[in-house]
file model_26.csv (CSV, C-alpha atoms)
chain,number,residue,atom,x,y,z
A,1,MET,CA,79.8,141.8,89.7
A,2,ALA,CA,76.0,141.7,90.3
A,3,PRO,CA,75.0,139.6,93.3
A,4,SER,CA,73.0,136.5,92.5
A,5,THR,CA,69.5,136.4,93.8
A,6,ALA,CA,69.1,134.6,97.1
A,7,GLY,CA,72.5,132.9,96.6
A,8,GLN,CA,71.1,130.7,93.8
A,9,ARG,CA,73.1,130.0,90.6
A,10,PRO,CA,71.2,130.5,87.3
A,11,ALA,CA,70.5,127.2,85.6
A,12,PRO,CA,72.9,126.4,82.8
A,13,THR,CA,71.6,126.8,79.3
A,14,PRO,CA,71.1,123.6,77.3
A,15,GLU,CA,74.2,124.5,75.3
A,16,ILE,CA,76.4,124.8,78.4
A,17,ALA,CA,75.0,121.6,79.9
A,18,GLY,CA,75.7,119.8,76.6
A,19,ALA,CA,79.2,121.2,76.4
A,20,ARG,CA,79.9,120.1,80.0
A,21,GLY,CA,78.6,116.6,79.1
A,22,GLU,CA,80.9,116.5,76.1
A,23,LEU,CA,83.8,117.6,78.2
A,24,ASP,CA,83.1,114.9,80.8
A,25,ARG,CA,82.9,112.2,78.2
A,26,ALA,CA,86.1,113.4,76.5
A,27,GLU,CA,87.9,113.4,79.8
A,28,ARG,CA,86.7,109.9,80.6
A,29,GLN,CA,87.8,108.6,77.2
A,30,LEU,CA,91.2,110.3,77.6
A,31,SER,CA,91.9,108.9,81.1
A,32,SER,CA,90.7,105.4,80.1
A,33,SER,CA,92.9,105.3,77.0
A,34,LEU,CA,95.9,106.4,79.1
A,35,GLY,CA,95.2,103.6,81.5
A,36,ASP,CA,94.8,101.1,78.8
A,37,CYS,CA,98.2,102.1,77.2
A,38,ALA,CA,99.9,101.9,80.6
A,39,ALA,CA,98.5,98.4,81.0
A,40,ALA,CA,99.5,97.4,77.5
A,41,CYS,CA,103.0,98.7,77.9
A,42,ARG,CA,103.4,96.8,81.2
A,43,ALA,CA,102.2,93.6,79.6
A,44,LEU,CA,104.5,94.2,76.6
A,45,ALA,CA,107.5,94.6,78.9
A,46,SER,CA,106.6,91.3,80.6
A,47,MET,CA,106.1,89.6,77.2
A,48,GLU,CA,109.5,90.9,76.0
A,49,ARG,CA,111.3,89.6,79.1
A,50,ALA,CA,109.6,86.2,78.9
A,51,ALA,CA,110.6,85.9,75.2
A,52,ASP,CA,114.2,86.9,75.9
A,53,HIS,CA,114.5,84.2,78.6
A,54,LEU,CA,112.7,81.7,76.3
A,55,CYS,CA,115.2,82.4,73.6
A,56,ALA,CA,118.1,82.1,76.0
A,57,LEU,CA,117.0,78.6,76.7
A,58,ASP,CA,116.0,77.6,73.1
A,59,ALA,CA,117.1,79.6,70.1
A,60,GLY,CA,115.0,77.4,67.8
A,61,ALA,CA,111.5,77.6,66.3
A,62,GLU,CA,109.8,78.5,69.7
A,63,CYS,CA,112.1,81.5,70.0
A,64,SER,CA,111.4,82.7,66.5
A,65,ARG,CA,107.6,82.4,67.1
A,66,ALA,CA,107.8,84.2,70.4
A,67,ARG,CA,109.9,87.0,68.8
A,68,GLU,CA,107.4,87.4,66.0
A,69,ARG,CA,104.5,87.7,68.4
A,70,VAL,CA,106.4,90.2,70.5
A,71,GLU,CA,107.1,92.3,67.5
A,72,ALA,CA,103.4,92.1,66.4
A,73,ALA,CA,102.4,93.2,70.0
A,74,ARG,CA,104.9,96.0,70.0
A,75,GLU,CA,103.6,97.3,66.7
A,76,ARG,CA,100.1,97.1,67.9
A,77,VAL,CA,101.0,99.1,71.1
A,78,ARG,CA,102.9,101.6,68.9
A,79,THR,CA,99.9,102.1,66.7
A,80,SER,CA,97.5,102.5,69.5
A,81,CYS,CA,99.6,104.3,72.0
A,82,GLY,CA,102.5,105.7,70.1
A,83,GLY,CA,105.0,103.5,71.9
A,84,CYS,CA,105.9,103.0,75.6
A,85,GLY,CA,108.2,105.9,76.2
A,86,ARG,CA,111.3,103.8,77.0
B,1,MET,CA,109.8,118.0,75.8
B,2,LYS,CA,106.4,119.2,74.7
B,3,ALA,CA,105.1,115.7,74.4
B,4,ARG,CA,106.5,114.9,77.9
B,5,LEU,CA,104.8,117.9,79.4
B,6,SER,CA,101.6,117.0,77.7
B,7,ARG,CA,101.8,113.5,79.1
B,8,LEU,CA,102.4,114.9,82.6
B,9,SER,CA,99.4,117.2,82.5
B,10,ILE,CA,97.2,114.5,81.0
B,11,GLY,CA,98.3,112.2,83.8
B,12,SER,CA,97.4,114.9,86.4
B,13,ILE,CA,94.0,115.3,84.7
B,14,SER,CA,93.5,111.6,84.8
B,15,VAL,CA,94.3,111.4,88.5
B,16,ILE,CA,92.1,114.3,89.4
B,17,ALA,CA,89.3,112.9,87.3
B,18,GLY,CA,89.7,109.6,89.0
B,19,VAL,CA,89.4,111.2,92.5
B,20,PHE,CA,86.2,112.9,91.5
B,21,ALA,CA,84.8,109.9,89.7
B,22,LEU,CA,85.6,107.7,92.7
B,23,SER,CA,84.0,110.1,95.1
B,24,GLY,CA,80.9,110.1,92.9
B,25,ALA,CA,80.8,106.4,92.6
B,26,LEU,CA,81.1,106.0,96.4
B,27,VAL,CA,78.2,108.3,97.0
B,28,LEU,CA,76.1,106.8,94.3
B,29,SER,CA,76.7,103.2,95.5
B,30,GLN,CA,75.9,104.4,99.0
B,31,CYS,CA,72.5,105.5,97.8
B,32,GLU,CA,71.9,102.2,95.9
B,33,HIS,CA,73.0,100.2,98.9
B,34,HIS,CA,71.0,102.1,101.4
B,35,ALA,CA,67.8,101.5,99.4
B,36,THR,CA,68.1,97.7,99.8
B,37,THR,CA,69.6,97.1,103.2
B,38,GLY,CA,69.0,98.1,106.8
B,39,PRO,CA,71.2,100.4,108.7
B,40,ASP,CA,73.2,97.6,110.3
B,41,GLN,CA,74.3,96.1,107.1
B,42,TYR,CA,74.9,99.5,105.8
B,43,GLU,CA,77.3,100.3,108.6
B,44,ASP,CA,79.0,96.9,107.9
B,45,ALA,CA,79.5,97.8,104.3
B,46,ALA,CA,81.2,101.1,105.3
B,47,VAL,CA,83.5,99.2,107.6
B,48,VAL,CA,84.5,96.7,104.9
B,49,ASP,CA,85.4,99.5,102.5
B,50,THR,CA,87.4,101.3,105.1
B,51,GLN,CA,89.3,98.1,105.6
B,52,LEU,CA,89.9,97.6,101.9
B,53,LEU,CA,91.3,101.1,101.5
B,54,ALA,CA,93.4,100.7,104.6
B,55,PHE,CA,94.9,97.5,103.2
B,56,LEU,CA,95.7,99.1,99.9
B,57,SER,CA,97.3,102.0,101.8
B,58,LEU,CA,99.3,99.6,103.9
B,59,ALA,CA,100.5,97.8,100.8
B,60,ARG,CA,101.5,101.0,99.2
B,61,ALA,CA,103.5,102.1,102.3
B,62,HIS,CA,105.3,98.7,102.4
B,63,HIS,CA,106.2,98.8,98.7
B,64,HIS,CA,107.7,102.2,99.3
B,65,GLU,CA,109.6,100.9,102.3
B,66,ALA,CA,110.8,98.0,100.1
B,67,ASN,CA,111.9,100.5,97.4
B,68,LEU,CA,114.1,102.4,99.9
B,69,LYS,CA,115.6,99.2,101.3
B,70,GLU,CA,116.3,97.8,97.9
B,71,GLN,CA,117.9,101.1,96.8
B,72,ALA,CA,120.1,100.8,99.9
B,73,GLY,CA,121.1,97.3,98.9
B,74,ASP,CA,119.2,95.7,101.8
B,75,VAL,CA,117.4,92.9,100.0
B,76,SER,CA,116.4,91.1,103.2
B,77,GLY,CA,114.9,94.3,104.6
B,78,ALA,CA,112.9,94.8,101.3
B,79,ILE,CA,111.6,91.2,101.5
B,80,ASP,CA,110.7,91.7,105.2
B,81,ALA,CA,108.7,94.9,104.3
B,82,LEU,CA,106.8,93.0,101.5
B,83,GLU,CA,106.1,90.0,103.7
B,84,GLN,CA,104.2,92.4,106.0
B,85,ILE,CA,101.7,92.8,103.2
B,86,VAL,CA,101.1,89.2,102.6
B,87,SER,CA,100.9,88.4,106.3
B,88,ALA,CA,98.6,91.3,107.2
B,89,PRO,CA,95.0,90.7,108.0
B,90,LYS,CA,93.0,90.8,104.8
B,91,PRO,CA,89.9,93.0,104.5
B,92,HIS,CA,86.5,91.2,104.5
B,93,ALA,CA,88.1,87.9,105.5
B,94,GLY,CA,86.6,84.9,103.7
B,95,THR,CA,85.6,86.9,100.7
B,96,THR,CA,87.6,87.2,97.5
B,97,ILE,CA,88.2,90.9,96.7
B,98,PRO,CA,89.9,91.4,93.3
B,99,GLU,CA,91.9,94.4,94.5
B,100,VAL,CA,93.3,92.4,97.4
B,101,GLU,CA,94.1,89.3,95.2
B,102,GLU,CA,96.0,91.5,92.7
B,103,VAL,CA,98.0,93.2,95.4
B,104,LEU,CA,98.9,89.8,96.8
B,105,ALA,CA,99.8,88.4,93.4
B,106,ASP,CA,101.9,91.5,92.6
B,107,THR,CA,103.6,91.4,96.0
B,108,TYR,CA,104.5,87.7,95.8
B,109,ALA,CA,106.0,88.3,92.4
B,110,ARG,CA,108.2,91.0,93.8
B,111,ILE,CA,109.3,88.9,96.7
B,112,ALA,CA,110.1,86.1,94.4
B,113,GLU,CA,112.2,88.4,92.2
B,114,LEU,CA,114.1,89.7,95.3
B,115,ARG,CA,114.8,86.2,96.5
B,116,LEU,CA,115.9,85.2,93.0
B,117,SER,CA,118.4,88.1,93.0
B,118,ARG,CA,120.0,86.4,96.0
B,119,GLY,CA,120.1,83.1,94.2
B,120,ASP,CA,117.3,81.6,96.5
B,121,THR,CA,115.5,79.7,93.8
B,122,ASP,CA,113.6,77.4,96.2
B,123,GLY,CA,112.3,80.4,98.2
B,124,ALA,CA,111.4,82.3,95.0
B,125,LYS,CA,109.6,79.2,93.7
B,126,GLN,CA,107.5,79.0,96.8
B,127,ASP,CA,106.6,82.7,96.6
B,128,VAL,CA,105.6,82.5,93.0
B,129,GLU,CA,103.4,79.5,93.6
B,130,SER,CA,101.7,81.4,96.5
B,131,GLY,CA,101.2,84.3,94.1
B,132,LEU,CA,99.6,82.1,91.4
B,133,VAL,CA,96.9,81.1,93.9
B,134,HIS,CA,95.8,84.8,93.9
B,135,ALA,CA,95.9,85.2,90.1
B,136,THR,CA,93.9,82.4,88.5
B,137,GLU,CA,92.6,84.5,85.6
B,138,PRO,CA,94.7,85.4,82.5
B,139,THR,CA,95.6,88.8,83.7
B,140,TYR,CA,98.9,90.8,83.7
B,141,PHE,CA,99.5,89.6,87.2
B,142,ARG,CA,99.3,85.9,86.3
B,143,GLY,CA,101.4,86.5,83.2
B,144,HIS,CA,104.1,88.3,85.3
B,145,LEU,CA,104.1,85.5,87.9
B,146,LEU,CA,104.6,82.9,85.1
B,147,GLU,CA,107.4,85.0,83.6
B,148,VAL,CA,109.1,85.1,87.0
B,149,TYR,CA,108.5,81.4,87.5
B,150,GLY,CA,110.1,80.7,84.1
B,151,ILE,CA,113.2,82.7,85.1
B,152,ILE,CA,113.4,80.8,88.4
B,153,GLU,CA,113.3,77.5,86.5
B,154,GLU,CA,115.9,78.8,84.0
B,155,GLN,CA,118.2,79.6,86.9
B,156,ARG,CA,117.5,76.2,88.5
B,157,THR,CA,118.4,74.6,85.1
B,158,ALA,CA,121.8,76.2,85.3
B,159,LYS,CA,122.3,75.2,88.9
B,160,LEU,CA,121.3,71.6,88.2
B,161,THR,CA,123.5,71.4,85.1
B,162,ASP,CA,126.5,72.7,87.1
B,163,ALA,CA,125.8,70.1,89.7
B,164,GLY,CA,125.8,67.3,87.0
B,165,SER,CA,122.1,66.5,87.5
B,166,THR,CA,121.4,66.2,83.8
B,167,ASP,CA,117.9,64.6,84.0
B,168,GLU,CA,116.7,67.1,86.6
B,169,ALA,CA,118.2,70.0,84.6
B,170,ALA,CA,116.3,68.8,81.4
B,171,LYS,CA,113.0,68.7,83.4
B,172,ALA,CA,113.6,72.2,84.8
B,173,ARG,CA,114.5,73.5,81.3
B,174,ALA,CA,111.3,72.0,79.8
B,175,HIS,CA,109.3,73.5,82.7
B,176,ALA,CA,111.0,76.9,82.2
B,177,LEU,CA,110.1,76.9,78.4
B,178,SER,CA,106.5,76.0,79.1
B,179,LEU,CA,106.1,78.7,81.7
B,180,LEU,CA,107.8,81.4,79.6
B,181,LYS,CA,105.6,80.4,76.6
B,182,GLN,CA,102.5,80.7,78.8
B,183,ALA,CA,103.7,84.1,80.0
B,184,VAL,CA,104.0,85.3,76.4
B,185,ASP,CA,100.5,83.9,75.6
B,186,ILE,CA,98.9,85.6,78.5
B,187,GLN,CA,100.5,89.0,78.0
B,188,GLU,CA,99.7,88.9,74.3
B,189,LYS,CA,96.0,88.4,75.3
B,190,VAL,CA,96.2,91.1,77.9
B,191,ILE,CA,97.5,93.6,75.3
B,192,GLY,CA,94.8,92.6,72.8
B,193,HIS,CA,92.1,92.9,75.5
B,194,VAL,CA,93.1,96.3,76.8
B,195,LEU,CA,93.6,97.8,73.4
B,196,ASP,CA,90.4,96.3,72.0
B,197,ALA,CA,88.5,97.6,75.0
B,198,SER,CA,89.9,101.1,74.5
B,199,SER,CA,89.1,101.2,70.7
B,200,PRO,CA,86.3,103.7,69.9
B,201,THR,CA,84.2,101.0,68.2
B,202,SER,CA,84.2,98.6,71.2
B,203,ALA,CA,81.2,98.2,73.4
B,204,GLY,CA,81.0,99.5,76.9
B,205,ASP,CA,82.6,102.5,78.4
B,206,GLY,CA,86.1,101.9,77.1
B,207,GLY,CA,87.3,99.7,79.9
B,208,GLY,CA,89.1,102.6,81.4
B,209,ALA,CA,90.4,102.8,84.9
B,210,SER,CA,89.9,106.4,85.8
B,211,ARG,CA,87.6,105.5,88.6
B,212,TRP,CA,90.3,103.4,90.2
B,213,ASP,CA,93.4,105.4,89.6
B,214,SER,CA,92.9,107.1,93.0
B,215,LEU,CA,93.1,103.9,94.9
B,216,PRO,CA,96.0,104.1,97.3
B,217,TYR,CA,98.0,101.1,95.9
B,218,GLU,CA,100.9,102.3,93.9
B,219,ARG,CA,103.7,100.4,92.4
B,220,GLY,CA,102.1,101.6,89.1
B,221,ARG,CA,100.4,98.4,88.6
B,222,CYS,CA,97.0,98.2,90.2
B,223,TRP,CA,96.1,101.7,89.1
B,224,PHE,CA,95.6,100.5,85.5
B,225,GLY,CA,95.1,97.1,83.9
B,226,CYS,CA,93.8,95.3,87.0
B,227,SER,CA,91.0,92.8,86.5
B,228,TRP,CA,88.6,95.2,88.0
B,229,ALA,CA,89.4,97.7,85.2
B,230,ARG,CA,87.9,95.2,82.6
B,231,ALA,CA,84.5,96.0,81.5
B,232,GLY,CA,81.9,94.2,83.6
B,233,ALA,CA,84.4,93.1,86.2
B,234,ARG,CA,84.5,96.1,88.5
B,235,PRO,CA,83.9,95.8,92.2
B,236,LYS,CA,81.4,97.9,93.8
B,237,LEU,CA,83.1,100.0,96.3
B,238,ARG,CA,80.8,101.0,99.1
B,239,ALA,CA,81.4,103.7,101.6
B,240,ARG,CA,79.3,105.8,103.7
B,241,PRO,CA,80.2,109.5,103.9
B,242,ARG,CA,80.0,110.2,107.6
B,243,PRO,CA,77.9,113.1,108.6
B,244,ALA,CA,79.8,116.1,109.9
B,245,ARG,CA,79.7,116.0,113.7
B,246,ALA,CA,79.5,119.2,115.6
B,247,ARG,CA,82.6,119.3,117.8
B,248,PRO,CA,81.9,120.3,121.3
B,249,GLN,CA,83.2,123.7,122.0
B,250,PRO,CA,84.7,124.4,125.4
B,251,ALA,CA,83.2,127.2,127.3
B,252,GLY,CA,85.1,130.3,127.7
B,253,PRO,CA,87.9,131.9,125.6
B,254,ARG,CA,89.9,129.7,123.1
B,255,PRO,CA,93.4,128.9,124.5
B,256,PRO,CA,96.5,129.8,122.5
B,257,ARG,CA,97.6,127.3,119.8
B,258,ALA,CA,100.6,126.1,121.7
B,259,ALA,CA,98.5,125.3,124.7
B,260,ARG,CA,96.0,123.5,122.5
B,261,ILE,CA,98.7,121.3,121.1
B,262,THR,CA,100.3,120.4,124.4
B,263,GLY,CA,96.9,120.1,126.1
B,264,THR,CA,97.7,122.7,128.7
B,265,ARG,CA,95.9,125.9,129.5
B,266,THR,CA,97.5,129.1,130.3
call {"tool": "encode", "arguments": {"input": "model_26.csv", "output": "structure tokens"}}
result
Amino acid sequence: MAPSTAGQRPAPTPEIAGARGELDRAERQLSSSLGDCAAACRALASMERAADHLCALDAGAECSRARERVEAARERVRTSCGGCGR
Amino acid sequence: MKARLSRLSIGSISVIAGVFALSGALVLSQCEHHATTGPDQYEDAAVVDTQLLAFLSLARAHHHEANLKEQAGDVSGAIDALEQIVSAPKPHAGTTIPEVEEVLADTYARIAELRLSRGDTDGAKQDVESGLVHATEPTYFRGHLLEVYGIIEEQRTAKLTDAGSTDEAAKARAHALSLLKQAVDIQEKVIGHVLDASSPTSAGDGGGASRWDSLPYERGRCWFGCSWARAGARPKLRARPRPARARPQPAGPRPPRAARITGTRT
């Protein structure tokens, strides 16, 4: 390998700099969507527990509404995150 | 299996990216901060951030301790470990720091759950009420505290019914229903918020938490979904990278390793 002159790295070409920027952006988007899915799954689990206890106390209309909302939230998380891996 | 492995490697990338992003943020905010303050305030800011990180680290350690105690069936020991978090000196006393508030809300919820597992509904109720003071916004933490509060009131309803206190039981039941409904409402909003924030068409940077996932508070909760992870609600962490100090070198030949450890010279 040829030694670099005076220990300096050659400046990246515009293509390489652009590709690095793209990679950084993609990495940020990936990690943020993972974080958002983890947060959504945690909130969904809490919502499910709350609805279960609500239904244990009152199996009437409130329970039905809560179950419907949980199901809608679960579907939304499934669509965005592919489920919560439980 | 493949999907699982992918998730694991993606998770590793996320954590590594977070470490680098946090380091970058710290240096950047240090530069911004230095431009507007004198050296004394600058030094104070560095101390504050060190305290914050130390508090988060302490919380993490005590949650681990509580895990071990809980696994061994020592619920009292687990509660004691967690109480050391809520009674510890808080960083930057007198100022509300979102990370600290969320750690406290989360810890109170866990203490309440542990007390409830022993049938201590009164103690659990006190803890959950203390936790709610630290979670006033509609976040996961508030929703979770309300969920736990609803379960406490559900158990209290059963106790009062068994004791023949019909009126009190009816009140506790109505309170439980109200709390559980609020929990469902809040968590539904949290889900909508985080998924809206992460959609490619949303404004901002996606509301991700990669900058924060290297914070030393574990329990899987404050890494993602905390209030500071919402767009526009992130705290500015400030820290000053300390310059490398030249260590004084003793004159003469370097002693053997064993002697260096024990402090003796041969």
call {"tool": "atom_distance", "arguments": {"input": "model_26.csv", "atom1": "atom CA of A:Ser46", "atom2": "atom CA of B:Arg110"}}
result
13.3 Å
call {"tool": "closest_atom_pairs", "arguments": {"input": "model_26.csv", "of": "chain A", "to": "chain B", "cutoff": "10 Å", "atoms": "all atoms listed in the file", "output": "tab-separated table"}}
result
residue	atom	partner	partner_atom	distance
A:Asp24	CA	B:Ala17	CA	9.2
A:Arg25	CA	B:Asp205	CA	9.7
A:Glu27	CA	B:Ala17	CA	7.6
A:Arg28	CA	B:Ser210	CA	7.0
A:Gln29	CA	B:Gly206	CA	6.9
A:Leu30	CA	B:Ser14	CA	7.7
A:Ser31	CA	B:Ser14	CA	4.9
A:Ser32	CA	B:Gly208	CA	3.5
A:Ser33	CA	B:Ser198	CA	5.7
A:Leu34	CA	B:Gly11	CA	7.8
A:Gly35	CA	B:Phe224	CA	5.1
A:Asp36	CA	B:Val194	CA	5.5
A:Cys37	CA	B:Leu195	CA	7.4
A:Ala38	CA	B:Phe224	CA	6.7
A:Ala39	CA	B:Gly225	CA	4.7
A:Ala40	CA	B:Ile191	CA	4.8
A:Cys41	CA	B:Ile191	CA	7.9
A:Arg42	CA	B:Tyr140	CA	7.9
A:Ala43	CA	B:Gln187	CA	5.2
A:Leu44	CA	B:Gln187	CA	6.7
A:Ala45	CA	B:Gln187	CA	9.0
A:Ser46	CA	B:His144	CA	6.1
A:Met47	CA	B:Val184	CA	4.9
A:Glu48	CA	B:Val184	CA	7.9
A:Arg49	CA	B:Glu147	CA	7.5
A:Ala50	CA	B:Leu180	CA	5.2
A:Ala51	CA	B:Val184	CA	6.7
A:Asp52	CA	B:Leu180	CA	9.2
A:His53	CA	B:Ile151	CA	6.8
A:Leu54	CA	B:Leu177	CA	5.8
A:Cys55	CA	B:Leu177	CA	8.9
A:Ala56	CA	B:Glu154	CA	8.9
A:Leu57	CA	B:Leu177	CA	7.3
A:Asp58	CA	B:Leu177	CA	8.0
A:Glu62	CA	B:Lys181	CA	8.3
A:Cys63	CA	B:Lys181	CA	9.3
A:Arg65	CA	B:Lys181	CA	9.9
A:Ala66	CA	B:Val184	CA	7.2
A:Arg67	CA	B:Val184	CA	9.8
A:Arg69	CA	B:Glu188	CA	7.7
A:Val70	CA	B:Glu188	CA	7.8
A:Ala72	CA	B:Glu188	CA	9.3
A:Ala73	CA	B:Glu188	CA	6.7
A:Arg74	CA	B:Ile191	CA	9.4
A:Arg76	CA	B:Gly192	CA	8.5
A:Val77	CA	B:Ile191	CA	7.8
A:Ser80	CA	B:Leu195	CA	7.2
A:Cys81	CA	B:Leu195	CA	9.0
A:Gly85	CA	B:Arg4	CA	9.3
call {"tool": "atom_distance", "arguments": {"input": "model_26.csv", "atom1": "atom CA of B:Thr107", "atom2": "atom CA of B:Arg156"}}
result
21.9 Å
call {"tool": "closest_residue", "arguments": {"input": "model_26.csv", "among": "B:Leu132, B:Ile97, B:Ala66, B:Ala105", "to": "B:Leu53", "atoms": "all atoms listed in the file"}}
result
B:Ile97
call {"tool": "closest_residue", "arguments": {"input": "model_26.csv", "among": "B:Glu83, B:Glu101, B:Asp74, B:Asp49", "to": "B:Glu137", "atoms": "only C-alpha atoms"}}
result
B:Glu101
